[in-house]
Structures are given as C-alpha cells and as structure tokens.
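upload-v8.txt follows (compact mmCIF, C-alpha atoms and all ligand atoms):
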```txt
# COMPACT_ATOMS: atom_id res chain seq x y z
CA MET A 1 -3.82 34.98 -2.97
CA SER A 2 -6.96 34.42 -0.85
CA GLU A 3 -6.77 32.97 2.65
CA THR A 4 -8.87 29.99 1.49
CA MET A 5 -6.37 29.17 -1.27
CA ILE A 6 -3.45 29.36 1.17
CA ARG A 7 -5.25 27.10 3.66
CA MET A 8 -6.06 24.63 0.88
CA LEU A 9 -2.41 24.53 -0.14
CA LEU A 10 -1.30 23.99 3.48
CA GLU A 11 -3.79 21.13 3.79
CA ARG A 12 -2.58 19.56 0.57
CA ILE A 13 1.10 19.72 1.62
CA GLN A 14 0.24 18.26 5.02
CA HIS A 15 -1.83 15.48 3.47
CA GLU A 16 0.88 14.53 0.94
CA THR A 17 4.04 14.89 3.04
CA GLY A 18 2.73 14.18 6.55
CA ILE A 19 4.31 17.38 7.91
CA ILE A 20 1.98 19.20 10.34
CA LEU A 21 1.50 22.77 9.11
CA SER A 22 -1.07 24.17 11.53
CA ARG A 23 0.90 27.02 13.11
CA GLN A 24 0.41 30.66 12.17
CA THR A 25 4.11 30.76 11.15
CA ASP A 26 3.43 28.02 8.55
CA TYR A 27 0.57 30.08 7.11
CA ASP A 28 2.77 33.21 7.05
CA ARG A 29 5.62 31.36 5.35
CA ILE A 30 3.42 30.01 2.56
CA LYS A 31 1.74 33.39 2.13
CA ARG A 32 5.14 35.06 1.78
CA TYR A 33 6.20 32.43 -0.74
CA LEU A 34 3.10 33.07 -2.88
CA ASP A 35 3.28 36.86 -2.47
CA ASN A 36 6.87 36.72 -3.74
CA GLY A 37 5.80 34.94 -6.93
CA GLY A 38 6.27 31.33 -5.73
CA GLU A 39 4.56 28.74 -7.91
CA MET A 40 0.99 27.76 -6.90
CA PRO A 41 0.68 24.13 -8.06
CA LEU A 42 -2.47 22.92 -9.77
CA THR A 43 -4.05 19.91 -8.02
CA SER A 44 -2.96 17.72 -10.92
CA GLN A 45 0.69 18.87 -10.60
CA PRO A 46 3.28 17.62 -8.10
CA LEU A 47 4.30 19.99 -5.30
CA PRO A 48 7.15 22.24 -6.51
CA VAL A 49 10.62 21.62 -5.12
CA SER A 50 10.79 25.16 -3.72
CA LEU A 51 7.65 24.52 -1.67
CA ILE A 52 9.01 21.21 -0.33
CA ASN A 53 12.21 22.98 0.67
CA LEU A 54 10.19 25.59 2.48
CA VAL A 55 8.34 23.16 4.74
CA THR A 56 11.07 20.60 5.51
CA THR A 57 13.62 20.75 8.34
CA ASN A 58 16.83 19.14 7.14
CA GLU A 59 19.01 19.31 10.28
CA THR A 60 21.42 16.34 10.45
CA TYR A 61 25.09 15.48 11.03
CA PHE A 62 27.47 12.53 10.91
CA GLU A 63 27.37 10.14 13.90
CA ARG A 64 24.11 11.64 15.25
CA GLU A 65 22.83 9.35 18.07
CA ALA A 66 25.98 7.28 17.62
CA HIS A 67 24.73 4.46 19.88
CA HIS A 68 22.43 3.37 17.01
CA PHE A 69 25.44 2.82 14.74
CA ASN A 70 27.26 0.97 17.53
CA ARG A 71 24.29 -1.36 17.84
CA LEU A 72 24.12 -1.84 14.08
CA MET A 73 27.76 -2.85 13.88
CA ASP A 74 28.05 -4.90 17.08
CA GLU A 75 24.75 -6.82 17.11
CA ILE A 76 22.44 -6.27 14.17
CA LEU A 77 24.76 -6.85 11.21
CA PRO A 78 26.50 -9.90 12.71
CA LYS A 79 23.06 -11.42 13.37
CA LEU A 80 21.81 -10.67 9.85
CA ASP A 81 25.07 -11.92 8.35
CA SER A 82 24.78 -15.19 10.23
CA ARG A 83 21.50 -15.90 8.40
CA GLY A 84 23.85 -16.83 5.54
CA GLY A 85 23.32 -16.75 1.78
CA THR A 86 24.67 -14.32 -0.77
CA LYS A 87 21.76 -11.90 -0.90
CA PRO A 88 22.78 -8.35 0.12
CA ILE A 89 21.84 -7.02 3.54
CA ARG A 90 19.78 -3.95 2.64
CA ILE A 91 19.77 -0.86 4.87
CA LEU A 92 17.39 2.06 4.31
CA SER A 93 17.93 5.57 5.67
CA ALA A 94 14.57 7.32 5.26
CA PRO A 95 14.83 10.24 5.65
CA CYS A 96 18.48 10.73 4.78
CA SER A 97 18.41 14.54 4.35
CA SER A 98 21.83 15.55 2.92
CA GLY A 99 23.29 12.05 3.35
CA GLU A 100 25.22 12.17 6.64
CA GLU A 101 23.29 9.23 8.17
CA SER A 102 23.82 6.99 5.11
CA TYR A 103 27.51 7.84 4.88
CA THR A 104 27.98 7.30 8.62
CA ILE A 105 26.86 3.70 8.05
CA ALA A 106 29.22 3.36 5.06
CA LEU A 107 32.11 4.78 7.11
CA ARG A 108 31.39 2.41 10.00
CA LEU A 109 31.48 -0.50 7.54
CA LEU A 110 34.81 0.63 6.09
CA GLN A 111 36.29 0.74 9.58
CA ALA A 112 34.86 -2.60 10.72
CA SER A 113 37.50 -5.04 11.94
CA LYS A 114 35.54 -8.05 10.69
CA GLN A 115 34.23 -8.27 7.14
CA PHE A 116 30.69 -9.52 6.65
CA SER A 117 30.14 -12.38 4.23
CA ARG A 118 26.99 -10.92 2.66
CA PRO A 119 27.31 -7.73 0.60
CA ILE A 120 25.72 -4.63 2.18
CA GLU A 121 23.65 -2.04 0.32
CA ILE A 122 22.69 1.36 1.72
CA VAL A 123 19.83 3.38 0.25
CA GLY A 124 19.07 6.96 1.34
CA VAL A 125 15.66 8.50 0.61
CA ASP A 126 14.43 12.05 1.12
CA ILE A 127 11.58 14.15 -0.21
CA SER A 128 13.85 17.15 -0.72
CA GLU A 129 15.54 17.00 -4.12
CA GLU A 130 17.90 19.72 -2.95
CA MET A 131 19.06 17.51 -0.04
CA ILE A 132 19.40 14.46 -2.31
CA SER A 133 21.56 16.41 -4.72
CA LYS A 134 23.71 17.57 -1.79
CA ALA A 135 23.96 13.96 -0.57
CA ARG A 136 25.14 12.79 -3.99
CA LYS A 137 27.82 15.48 -4.05
CA GLY A 138 29.03 14.49 -0.57
CA ILE A 139 30.50 17.88 0.38
CA TYR A 140 30.09 18.94 4.00
CA SER A 141 30.75 21.80 6.40
CA GLY A 142 32.86 21.50 9.54
CA ARG A 143 29.63 21.49 11.57
CA SER A 144 28.33 18.39 9.75
CA VAL A 145 31.49 16.41 10.44
CA HIS A 146 32.18 17.69 13.99
CA ALA A 147 31.40 14.33 15.65
CA ILE A 148 33.60 12.24 13.34
CA ASP A 149 36.84 10.96 14.79
CA LYS A 150 39.74 13.05 13.40
CA GLU A 151 41.58 9.99 12.10
CA VAL A 152 38.48 8.84 10.20
CA LEU A 153 38.01 12.34 8.82
CA ASN A 154 41.60 12.44 7.51
CA ARG A 155 41.33 8.98 6.03
CA PHE A 156 37.97 9.19 4.24
CA PHE A 157 37.54 12.89 3.36
CA VAL A 158 39.43 15.45 1.32
CA PHE A 159 39.52 18.98 2.73
CA GLU A 160 39.13 21.49 -0.09
CA GLU A 161 37.96 25.10 -0.26
CA GLY A 162 36.89 25.07 3.38
CA HIS A 163 34.73 21.93 3.04
CA TYR A 164 35.08 18.19 3.54
CA ARG A 165 34.43 15.97 0.50
CA VAL A 166 33.72 12.33 1.16
CA LEU A 167 35.92 9.97 -0.92
CA PRO A 168 34.35 7.94 -3.79
CA LEU A 169 35.28 4.80 -1.84
CA VAL A 170 32.69 5.77 0.81
CA GLN A 171 30.08 6.58 -1.82
CA GLU A 172 30.42 3.24 -3.62
CA ASN A 173 27.79 1.31 -1.67
CA VAL A 174 25.38 4.18 -1.10
CA ARG A 175 22.54 5.09 -3.43
CA PHE A 176 20.31 8.15 -3.00
CA VAL A 177 16.71 8.35 -4.20
CA SER A 178 14.44 11.38 -3.97
CA GLY A 179 10.90 10.51 -2.98
CA ASN A 180 8.02 10.86 -0.58
CA VAL A 181 7.72 8.04 1.96
CA PHE A 182 3.92 8.17 1.48
CA ASP A 183 4.23 7.38 -2.22
CA ALA A 184 3.35 3.74 -2.98
CA ALA A 185 5.29 3.87 -6.27
CA LEU A 186 8.48 4.75 -4.35
CA TRP A 187 8.14 1.63 -2.20
CA LYS A 188 7.63 -0.51 -5.29
CA GLU A 189 10.96 0.80 -6.56
CA LEU A 190 12.72 0.44 -3.18
CA GLY A 191 11.72 -3.15 -2.39
CA SER A 192 12.33 -4.59 1.07
CA PHE A 193 14.99 -4.07 3.72
CA ASP A 194 16.74 -5.78 6.62
CA VAL A 195 17.26 -2.53 8.55
CA ILE A 196 15.36 0.76 8.40
CA PHE A 197 16.70 3.93 10.02
CA SER A 198 13.90 6.49 10.25
CA ARG A 199 15.07 9.16 12.62
CA ASN A 200 13.80 12.67 13.23
CA MET A 201 11.14 12.84 10.54
CA MET A 202 8.09 11.49 12.34
CA ILE A 203 8.48 14.24 14.96
CA TYR A 204 6.91 16.46 12.28
CA PHE A 205 3.97 14.06 11.61
CA ASP A 206 0.68 13.52 13.42
CA SER A 207 -0.14 10.13 14.92
CA VAL A 208 -2.26 9.02 11.92
CA LYS A 209 0.57 9.63 9.45
CA ASN A 210 3.05 8.12 11.90
CA ARG A 211 1.00 4.89 11.94
CA GLU A 212 0.53 4.90 8.17
CA LEU A 213 4.29 5.08 7.70
CA LEU A 214 5.03 2.43 10.32
CA ASN A 215 2.56 0.11 8.57
CA ARG A 216 4.44 0.71 5.33
CA PHE A 217 7.72 -0.10 7.10
CA ARG A 218 6.19 -3.33 8.37
CA GLU A 219 5.36 -4.41 4.82
CA HIS A 220 8.90 -3.68 3.63
CA LEU A 221 10.98 -4.81 6.59
CA ASN A 222 12.24 -8.17 7.71
CA GLY A 223 14.61 -7.14 10.46
CA TYR A 224 15.26 -4.01 12.52
CA LEU A 225 13.70 -0.55 12.78
CA ILE A 226 15.61 2.32 14.36
CA LEU A 227 13.76 5.53 15.28
CA GLY A 228 15.17 8.75 16.71
CA HIS A 229 14.83 9.31 20.45
CA ALA A 230 12.63 12.39 19.80
CA ASP A 231 10.25 10.49 17.49
CA ASP A 232 6.85 9.28 18.70
CA HIS A 233 7.36 5.58 19.54
CA ARG A 234 3.80 4.75 20.62
CA ASN A 235 2.62 3.13 17.36
CA ALA A 236 5.97 1.38 16.87
CA LYS A 237 5.47 -0.43 20.19
CA ASP A 238 2.17 -1.87 18.85
CA LEU A 239 3.47 -2.90 15.46
CA PHE A 240 6.99 -4.20 16.22
CA THR A 241 8.81 -5.98 19.01
CA PRO A 242 10.78 -3.51 21.15
CA GLU A 243 14.33 -4.33 22.18
CA ARG A 244 16.09 -2.31 24.90
CA ILE A 245 19.51 -0.99 23.97
CA GLU A 246 22.20 0.95 25.80
CA ARG A 247 20.37 4.28 25.40
CA GLY A 248 16.77 3.77 24.35
CA VAL A 249 14.91 1.21 22.34
CA ILE A 250 14.96 -0.24 18.82
CA TYR A 251 12.42 -2.55 17.19
CA HIS A 252 12.36 -5.75 15.19
CA THR A 253 9.76 -7.58 13.11
C1 LIG B 301 15.58 16.42 10.45
S1 LIG B 301 15.91 15.54 8.95
C2 LIG B 301 16.44 13.99 9.63
C3 LIG B 301 17.66 13.44 8.93
C4 LIG B 301 18.33 12.23 9.58
N1 LIG B 301 17.50 11.06 9.56
C5 LIG B 301 18.76 12.54 11.00
O1 LIG B 301 18.13 12.04 11.95
O2 LIG B 301 19.73 13.28 11.18
C6 LIG B 301 14.21 15.25 8.41
C7 LIG B 301 14.12 14.98 6.91
O3 LIG B 301 12.83 14.41 6.62
C8 LIG B 301 12.52 14.70 5.27
N2 LIG B 301 11.10 14.44 5.04
C9 LIG B 301 10.03 15.06 5.59
N3 LIG B 301 8.87 14.54 5.11
C10 LIG B 301 9.22 13.55 4.26
C11 LIG B 301 8.49 12.63 3.46
N4 LIG B 301 7.13 12.64 3.46
N5 LIG B 301 9.17 11.75 2.69
C12 LIG B 301 10.54 11.73 2.69
N6 LIG B 301 11.29 12.58 3.42
C13 LIG B 301 10.65 13.48 4.21
C14 LIG B 301 12.94 16.16 5.17
O4 LIG B 301 13.14 16.58 3.84
C15 LIG B 301 14.22 16.22 6.03
O5 LIG B 301 15.38 16.16 5.23
```
Please rewrite the model in this file as structure tokens.
Amino acid sequence: MSETMIRMLLERIQHETGIILSRQTDYDRIKRYLDNGGEMPLTSQPLPVSLINLVTTNETYFEREAHHFNRLMDEILPKLDSRGGTKPIRILSAPCSSGEESYTIALRLLQASKQFSRPIEIVGVDISEEMISKARKGIYSGRSVHAIDKEVLNRFFVFEEGHYRVLPLVQENVRFVSGNVFDAALWKELGSFDVIFSRNMMIYFDSVKNRELLNRFREHLNGYLILGHADDHRNAKDLFTPERIERGVIYHT
C-alpha cells in the first residue's frame, strides 16, 4: 500500500471519527493493519469495524470519577424530577465504551433511598461495535469492577468463570446503540436528553471537532452536561453555563 493511500485513510478516519491520528505510531499501526491483509474501505463504504477498533481507546471502569455520579444522584436528578410530569428523564452516556458508565448510573438508581416520580432511561452510545456488544453482554473483569462497593457487587452481579455478570435487573433500563457521535442520523434516532455524560472521548479530538460535538450536544440537551476532568473544557465554557462542584465543574443549558 502506498504512503499516500495510508495517509488518505488516516485523514478519512480522523475526519469521520474526530480522533487525531497524526503521530508516526498511528501511521505505523494502519500500515501494519493493511500489510496484514486488513480491509481497505472504498470511499463509498463505511469504515470497517476492525479499523475502528484499531484507533479507539476503550479504557473505562465502574464508578470512574465517582463524584459525577454523586452529583447526579444528590442534585441533578432531584432537580429534574421536581420539574414534574410523566415524561422519562433521559440520560445519555456517549461514549459508553463497554458499558461500565451506563451501568454505574443504573446501579446508583437501584441503590437510591428515594424513588423518583419520573421514569429514568439510560442510553449508551459508542462507535465501537465490539464495545457495544460487550456492554450488552454485561460481563466484566475484576479490574472493571474494582471500585464498586463489595456489598453492591454481591447484590447486583453473579460471579461465574472468573468474571462478574451484571444482573438483568440492572440491564432493564439501559439501552446500548452503536454509532458515531458525528453522524446526524444517529442524533435523529437518539432524540434529546436531560443529562449527557461525555467523558474521556474528547481528549482524543482536536478543538474543531470538540466544538462541533458540543454544538450537537447543545441542540439535543435541555439540562446537564458532564465532561471528564481530562477533557478540553474551553469550548464548553463558551456554550454552556458552568457550575462548580466538589471536584471540578459541570455544565448546564
Ligand atoms: C476512553 S473511552 C471512555 C469511556 C467512558 N466514558 C469513561 O470515561 O470511562 C473512549 C470511547 O470513545 C469512543 N469513541 C471515540 N470516537 C467516537 C465517536 N466519534 N463516536 C462515538 N464513540 C467514539 C471509543 O470507541 C471509546 O470506547
């Protein structure tokens, strides 16, 4: 495969997914993939799953940046619930990777002392079909669950064959969708949300893509936006109202 073709492919992946791929190691990785017979997509074809898997970083675990979930339970949901009505409170986890963030929210809801009057829906989205399929299965390693309270782990997971499987009861209110956050058709399908968690994805994007995504969030959000502490918050400060919390800042419309 010629260097020009590899560079064109890198540019296309970066343009479509937002992930910056300008390092020599990115070039080497794609070259190796093609040299080993990996599929070279035509411009009219979607990017193959194997290529998406190659360029995404899927690191995640339950209760990551737990103060965000504390805030959700103690302040955000009671406030949204008090708006009244019977319409569900809709929470998006984009990206959800293998599902730990979405299930952390579901687990927090199952443990809540007070029930909310509005139903609550959780939707997890990720570009990696492999991660979405893992999320739907709900089977995790000890490393993924290390930050979960032991009592919660015993109550809501089954330990089998060296792994922890989340109970169907936890999965009931969580739906997983595979898709690219830059795809307008995906947003048509998703609709709008009261809370968006978007943590540790924009660290891989440049500022232009970061702003494009935040603009998309603004169109689809009437409520709260929660970014990871390592994400670039500069555009968010322009587009949303910041609110200081215990450890960092969240945003609202
Ligand atoms: C490091 S994980 C973050 C998971 C979780 N939010 C957390 O903070 O633990 C980043 C995820 O972003 C996903 N991702 C990257 N670009 C994406 C895009 N354009 N659309 C949807 N998901 C994307 C990757 O597949 C990966 O699973």
Taking only C-alpha atoms and all ligand atoms and a cut-off of 6 Å, can you tell me which residues surround ligand LIG 301 (chain B), written as an mmCIF file with C-alpha atoms, in the coordinates of the input?
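Output file part14.cif is given in full below:
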```cif
data_model
loop_
_atom_site.group_PDB
_atom_site.id
_atom_site.type_symbol
_atom_site.label_atom_id
_atom_site.label_comp_id
_atom_site.auth_asym_id
_atom_site.auth_seq_id
_atom_site.Cartn_x
_atom_site.Cartn_y
_atom_site.Cartn_z
ATOM 1 C CA THR A 17 4.040 14.890 3.040
ATOM 2 C CA GLY A 18 2.730 14.180 6.550
ATOM 3 C CA THR A 56 11.070 20.600 5.510
ATOM 4 C CA THR A 57 13.620 20.750 8.340
ATOM 5 C CA ASN A 58 16.830 19.140 7.140
ATOM 6 C CA GLU A 59 19.010 19.310 10.280
ATOM 7 C CA THR A 60 21.420 16.340 10.450
ATOM 8 C CA TYR A 61 25.090 15.480 11.030
ATOM 9 C CA PRO A 95 14.830 10.240 5.650
ATOM 10 C CA CYS A 96 18.480 10.730 4.780
ATOM 11 C CA SER A 97 18.410 14.540 4.350
ATOM 12 C CA GLU A 101 23.290 9.230 8.170
ATOM 13 C CA ASP A 126 14.430 12.050 1.120
ATOM 14 C CA ILE A 127 11.580 14.150 -0.210
ATOM 15 C CA SER A 128 13.850 17.150 -0.720
ATOM 16 C CA GLY A 179 10.900 10.510 -2.980
ATOM 17 C CA ASN A 180 8.020 10.860 -0.580
ATOM 18 C CA VAL A 181 7.720 8.040 1.960
ATOM 19 C CA PHE A 182 3.920 8.170 1.480
ATOM 20 C CA SER A 198 13.900 6.490 10.250
ATOM 21 C CA ARG A 199 15.070 9.160 12.620
ATOM 22 C CA ASN A 200 13.800 12.670 13.230
ATOM 23 C CA MET A 201 11.140 12.840 10.540
#
```
### Query
Using only C-alpha atoms, which residues sit within 9 Å of region 38-40 of chain A once same-chain residues fewer than 5 positions away are excluded, as a ChimeraX atom specification?
/A:9,30,32-33,47-48,50-51
### Query
Taking into account only C-alpha atoms, which residue in the set A:Leu21, A:Leu107, A:Ala236, A:Leu221 is nearest to Asp149 (chain A)?
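Ranked by minimum distance to Asp149 (chain A), first place goes to A:Leu107.
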### One-decimal distance in Å that lies between CA of Gln14 (chain A) and CA of Asp35 (chain A)
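Taking CA of Asp35 (chain A) as the start and CA of Gln14 (chain A) as the end point, the length is 20.3 Å.
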### Query
With distances taken over only C-alpha atoms, which of A:Arg7, A:Glu151, A:Ser144, A:Ser93 is nearest to His163 (chain A)?
A:Ser144
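By chain and then residue number, the residues within 12 Å of His233 (chain A) are Ser198, Arg199, Asn200, Met202, Ile203, Ser207, Asn210, Arg211, Leu214, Leu225, Ile226, Leu227, Leu239, Phe240, Thr241, Pro242, Gly248, Val249, Ile250 and Tyr251 of chain A, counting only C-alpha atoms and disregarding those fewer than 6 positions away in sequence.
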### Message
One number please: CA of Asp28 (chain A) to CA of Ile132 (chain A), in Å, one decimal.
### Response
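Spanning CA of Asp28 (chain A) to CA of Ile132 (chain A) is a straight-line distance of 26.8 Å.
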### Message
One number please: CA of Ser192 (chain A) to CA of Ser113 (chain A), in Å, one decimal.
### Response
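So the two atoms, CA of Ser192 (chain A) and CA of Ser113 (chain A), lie 27.4 Å apart.
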### Query
For Val166 (chain A), which of A:Lys150, A:Arg136, A:Arg143, A:Arg71 is the closest residue, counting all atoms listed in the file?
A:Arg136
### Message
Using all atoms listed in the file, can you tell me which of A:Ala94, A:Gly228, A:Glu243, A:Arg118 comes closest to Val177 (chain A)?
### Response
A:Ala94
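With distances restricted to all atoms listed in the file, A:Val55 is the closest residue to Ile20 (chain A) from A:Ser117, A:Val55, A:Ala112, A:Glu100.
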### Query
So, counting only C-alpha atoms, which residue among A:Met1, A:Leu167, A:Ala230, A:Leu153 is closest to Asn36 (chain A)?
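Looking at the shortest contact to Asn36 (chain A), the residue is A:Met1.
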Quick one: what's the axis-aligned box for region 36-54 of chain A, all listed atoms, 6 Å on every side, centre and edges in Å to one decimal, as AutoDock Vina command-line options?
```
--center_x 4.1 --center_y 27.2 --center_z -4.2 --size_x 28.3 --size_y 31.1 --size_z 25.4
```
Could you rebuild region 16-30 of chain A with N, CA and C atoms and give it back as a short mmCIF file (atom, residue, chain, number, x, y, z; two decimals), in the frame of the given file?
```
data_model
loop_
_atom_site.label_atom_id
_atom_site.label_comp_id
_atom_site.auth_asym_id
_atom_site.auth_seq_id
_atom_site.Cartn_x
_atom_site.Cartn_y
_atom_site.Cartn_z
N GLU A 16 -0.06 15.28 1.79
CA GLU A 16 0.88 14.53 0.94
C GLU A 16 2.20 14.19 1.63
N THR A 17 2.70 15.13 2.46
CA THR A 17 4.04 14.89 3.04
C THR A 17 3.97 14.37 4.47
N GLY A 18 2.84 14.59 5.14
CA GLY A 18 2.73 14.18 6.55
C GLY A 18 3.13 15.29 7.51
N ILE A 19 3.78 16.34 7.02
CA ILE A 19 4.31 17.38 7.91
C ILE A 19 3.16 18.27 8.43
N ILE A 20 3.05 18.38 9.75
CA ILE A 20 1.98 19.20 10.34
C ILE A 20 2.28 20.67 10.05
N LEU A 21 1.29 21.36 9.48
CA LEU A 21 1.50 22.77 9.11
C LEU A 21 0.36 23.62 9.67
N SER A 22 0.09 23.49 10.96
CA SER A 22 -1.07 24.17 11.53
C SER A 22 -0.74 25.46 12.27
N ARG A 23 0.55 25.81 12.36
CA ARG A 23 0.90 27.02 13.11
C ARG A 23 0.74 28.26 12.24
N GLN A 24 0.53 29.39 12.90
CA GLN A 24 0.41 30.66 12.17
C GLN A 24 1.67 30.93 11.34
N THR A 25 2.85 30.52 11.88
CA THR A 25 4.11 30.76 11.15
C THR A 25 4.14 29.97 9.83
N ASP A 26 3.48 28.80 9.80
CA ASP A 26 3.43 28.02 8.55
C ASP A 26 2.59 28.78 7.52
N TYR A 27 1.45 29.29 7.99
CA TYR A 27 0.57 30.08 7.11
C TYR A 27 1.35 31.28 6.57
N ASP A 28 2.05 32.00 7.46
CA ASP A 28 2.77 33.21 7.05
C ASP A 28 3.86 32.89 6.02
N ARG A 29 4.54 31.76 6.24
CA ARG A 29 5.62 31.36 5.35
C ARG A 29 5.10 31.08 3.93
N ILE A 30 3.98 30.36 3.87
CA ILE A 30 3.42 30.01 2.56
C ILE A 30 2.87 31.27 1.88
#
```
